[in-house]
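Source file: model-v9.pdb; contents: PDB, C-alpha atoms.
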ATOM      1  CA  ILE A   1      10.898 -23.386 -37.499  1.00  0.00           C
ATOM      2  CA  HIS A   2      12.361 -23.368 -33.990  1.00  0.00           C
ATOM      3  CA  VAL A   3      13.992 -19.973 -34.560  1.00  0.00           C
ATOM      4  CA  ILE A   4      10.648 -18.454 -35.577  1.00  0.00           C
ATOM      5  CA  PHE A   5       8.943 -19.962 -32.525  1.00  0.00           C
ATOM      6  CA  ILE A   6      11.625 -18.648 -30.150  1.00  0.00           C
ATOM      7  CA  PHE A   7      11.527 -15.186 -31.742  1.00  0.00           C
ATOM      8  CA  ARG A   8       7.719 -15.064 -31.485  1.00  0.00           C
ATOM      9  CA  ASN A   9       7.841 -16.010 -27.792  1.00  0.00           C
ATOM     10  CA  MET A  10      10.484 -13.382 -27.098  1.00  0.00           C
ATOM     11  CA  CYS A  11       8.316 -10.718 -28.746  1.00  0.00           C
ATOM     12  CA  LEU A  12       5.272 -11.768 -26.728  1.00  0.00           C
ATOM     13  CA  MET A  13       7.271 -11.745 -23.489  1.00  0.00           C
ATOM     14  CA  SER A  14       8.690  -8.290 -24.181  1.00  0.00           C
ATOM     15  CA  ARG A  15       5.199  -6.923 -24.807  1.00  0.00           C
ATOM     16  CA  ARG A  16       3.921  -8.347 -21.535  1.00  0.00           C
ATOM     17  CA  SER A  17       6.842  -7.029 -19.508  1.00  0.00           C
ATOM     18  CA  HIS A  18       6.420  -3.590 -21.097  1.00  0.00           C
ATOM     19  CA  VAL A  19       2.779  -3.467 -19.948  1.00  0.00           C
ATOM     20  CA  LYS A  20       3.798  -4.487 -16.420  1.00  0.00           C
ATOM     21  CA  GLU A  21       6.538  -1.862 -16.424  1.00  0.00           C
ATOM     22  CA  ASP A  22       4.076   0.879 -17.356  1.00  0.00           C
ATOM     23  CA  ILE A  23       1.813  -0.098 -14.485  1.00  0.00           C
ATOM     24  CA  MET A  24       4.621  -0.626 -11.975  1.00  0.00           C
ATOM     25  CA  PHE A  25       6.596   2.559 -12.670  1.00  0.00           C
ATOM     26  CA  LYS A  26       3.703   4.954 -13.027  1.00  0.00           C
ATOM     27  CA  LYS A  27       4.180   8.008 -10.792  1.00  0.00           C
ATOM     28  CA  ASN A  28       2.064   7.521  -7.708  1.00  0.00           C
ATOM     29  CA  VAL A  29       4.028   9.345  -4.982  1.00  0.00           C
ATOM     30  CA  GLY A  30       3.605  13.075  -4.829  1.00  0.00           C
ATOM     31  CA  GLY A  31       4.184  16.208  -2.789  1.00  0.00           C
ATOM     32  CA  ILE A  32       4.484  15.766   0.946  1.00  0.00           C
ATOM     33  CA  ASP A  33       4.706  11.976   0.696  1.00  0.00           C
ATOM     34  CA  ARG A  34       7.701  12.245  -1.634  1.00  0.00           C
ATOM     35  CA  THR A  35       9.474  14.805   0.556  1.00  0.00           C
ATOM     36  CA  LEU A  36       8.960  12.716   3.696  1.00  0.00           C
ATOM     37  CA  ARG A  37      10.263   9.591   1.987  1.00  0.00           C
ATOM     38  CA  ILE A  38      13.416  11.375   0.849  1.00  0.00           C
ATOM     39  CA  LEU A  39      14.037  12.909   4.292  1.00  0.00           C
ATOM     40  CA  VAL A  40      13.439   9.632   6.156  1.00  0.00           C
ATOM     41  CA  GLY A  41      15.667   7.743   3.704  1.00  0.00           C
ATOM     42  CA  ILE A  42      18.505  10.250   4.077  1.00  0.00           C
ATOM     43  CA  ALA A  43      18.125  10.299   7.869  1.00  0.00           C
ATOM     44  CA  LEU A  44      18.356   6.504   8.094  1.00  0.00           C
ATOM     45  CA  LEU A  45      21.419   6.369   5.842  1.00  0.00           C
ATOM     46  CA  VAL A  46      23.122   9.136   7.834  1.00  0.00           C
ATOM     47  CA  ALA A  47      22.335   7.234  11.046  1.00  0.00           C
ATOM     48  CA  PHE A  48      23.982   4.173   9.507  1.00  0.00           C
ATOM     49  CA  GLY A  49      27.075   6.240   8.716  1.00  0.00           C
ATOM     50  CA  LEU A  50      27.231   7.675  12.236  1.00  0.00           C
ATOM     51  CA  ASN A  51      26.628   4.369  13.993  1.00  0.00           C
ATOM     52  CA  PRO A  52      28.323   1.633  11.899  1.00  0.00           C
ATOM     53  CA  SER A  53      29.559  -0.496  14.800  1.00  0.00           C
ATOM     54  CA  SER A  54      26.159  -1.091  16.383  1.00  0.00           C
ATOM     55  CA  GLN A  55      24.839  -4.651  16.388  1.00  0.00           C
ATOM     56  CA  TYR A  56      21.752  -3.765  14.340  1.00  0.00           C
ATOM     57  CA  SER A  57      23.194  -0.910  12.292  1.00  0.00           C
ATOM     58  CA  TRP A  58      22.425  -2.807   9.065  1.00  0.00           C
ATOM     59  CA  LEU A  59      18.739  -2.066   9.708  1.00  0.00           C
ATOM     60  CA  TYR A  60      19.447   1.586   8.876  1.00  0.00           C
ATOM     61  CA  LEU A  61      20.055   0.466   5.291  1.00  0.00           C
ATOM     62  CA  ILE A  62      16.284   0.102   4.989  1.00  0.00           C
ATOM     63  CA  GLY A  63      16.522   3.857   4.312  1.00  0.00           C
ATOM     64  CA  ILE A  64      17.456   2.973   0.728  1.00  0.00           C
ATOM     65  CA  VAL A  65      13.831   1.970   0.053  1.00  0.00           C
ATOM     66  CA  PRO A  66      12.072   5.242   0.984  1.00  0.00           C
ATOM     67  CA  LEU A  67      14.891   7.242  -0.600  1.00  0.00           C
ATOM     68  CA  ALA A  68      14.580   5.357  -3.901  1.00  0.00           C
ATOM     69  CA  THR A  69      10.778   5.500  -3.968  1.00  0.00           C
ATOM     70  CA  GLY A  70      10.868   9.203  -3.156  1.00  0.00           C
ATOM     71  CA  LEU A  71      13.439  10.032  -5.815  1.00  0.00           C
ATOM     72  CA  LEU A  72      11.655   7.944  -8.466  1.00  0.00           C
ATOM     73  CA  SER A  73       8.167   9.159  -7.406  1.00  0.00           C
ATOM     74  CA  THR A  74       6.865   5.627  -7.616  1.00  0.00           C
ATOM     75  CA  CYS A  75       6.073   2.992  -5.023  1.00  0.00           C
ATOM     76  CA  PRO A  76       5.471  -0.628  -6.050  1.00  0.00           C
ATOM     77  CA  LEU A  77       3.230  -1.236  -3.019  1.00  0.00           C
ATOM     78  CA  TYR A  78       1.083   1.755  -3.957  1.00  0.00           C
ATOM     79  CA  SER A  79       0.730   0.229  -7.436  1.00  0.00           C
ATOM     80  CA  ILE A  80      -0.328  -3.124  -5.998  1.00  0.00           C
ATOM     81  CA  PHE A  81      -2.930  -1.578  -3.675  1.00  0.00           C
ATOM     82  CA  GLY A  82      -4.079   1.075  -6.159  1.00  0.00           C
ATOM     83  CA  LEU A  83      -2.994   4.048  -4.049  1.00  0.00           C
ATOM     84  CA  ASN A  84      -1.869   7.386  -5.459  1.00  0.00           C
ATOM     85  CA  THR A  85      -0.802  10.524  -3.575  1.00  0.00           C
ATOM     86  CA  CYS A  86      -0.126  12.598  -6.680  1.00  0.00           C
ATOM     87  CA  PRO A  87      -2.404  15.609  -7.135  1.00  0.00           C
ATOM     88  CA  ARG A  88      -5.302  15.001  -9.481  1.00  0.00           C
ATOM     89  CA  LYS A  89      -5.255  16.727 -12.822  1.00  0.00           C
TER      90      LYS A  89
END
Written form, structure tokens:
Amino acid sequence: IHVIFIFRNMCLMSRRSHVKEDIMFKKNVGGIDRTLRILVGIALLVAFGLNPSSQYSWLYLIGIVPLATGLLSTCPLYSIFGLNTCPRK
């Protein structure tokens, strides 16, 4: 009986996480926004590489965030606030 209960809970949890994943990773970054994110991310990472001995050089690693959101065309904050810069179909 316990095995059936655990299996049922796992199935329910996987369904819920799948729904969240669809909402969270829906493409919501498009065009100019995406290009700017990629360029800013690359620029910050290059600045980190050129200036590694600075006291606050670790702040340049924030460039990973815009680079990742630009490459994946999705932004979790846009999903939370209901924003979308993709062209309408």
Residues picked by the PyMOL selection byres ((chain A and resi 42) around 12) here, as an NGL selection string? :A and (35-41 or 43-49 or 60-68 or 70-71)
Expected selection from the PyMOL selection byres ((chain A and resi 85) around 7), given as an mmCIF file with C-alpha atoms, in the frame of the given file:
data_model
loop_
_atom_site.group_PDB
_atom_site.id
_atom_site.type_symbol
_atom_site.label_atom_id
_atom_site.label_comp_id
_atom_site.auth_asym_id
_atom_site.auth_seq_id
_atom_site.Cartn_x
_atom_site.Cartn_y
_atom_site.Cartn_z
ATOM 1 C CA ASN A 28 2.064 7.521 -7.708
ATOM 2 C CA VAL A 29 4.028 9.345 -4.982
ATOM 3 C CA GLY A 30 3.605 13.075 -4.829
ATOM 4 C CA LEU A 83 -2.994 4.048 -4.049
ATOM 5 C CA ASN A 84 -1.869 7.386 -5.459
ATOM 6 C CA CYS A 86 -0.126 12.598 -6.680
ATOM 7 C CA PRO A 87 -2.404 15.609 -7.135
#
Report, in Å to a single decimal, how far apart CA of Gly82 (chain A) and CA of Ile32 (chain A) are.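 Separation of CA of Ile32 (chain A) and CA of Gly82 (chain A): 18.4 Å.
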One-decimal distance in Å that lies between CA of Lys26 (chain A) and CA of Ser73 (chain A):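 Calculated distance between CA of Ser73 (chain A) and CA of Lys26 (chain A) is 8.3 Å.
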Do you have the CA of Cys75 (chain A)-CA of Arg34 (chain A) distance handy?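 The value is 10.0 Å.
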Taking all atoms listed in the file into account, which of A:Trp58, A:Phe25, A:Arg88, A:Leu50 comes nearest Leu72 (chain A)?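 Of A:Trp58, A:Phe25, A:Arg88, A:Leu50, the one nearest Leu72 (chain A), counting all atoms listed in the file, is A:Phe25.
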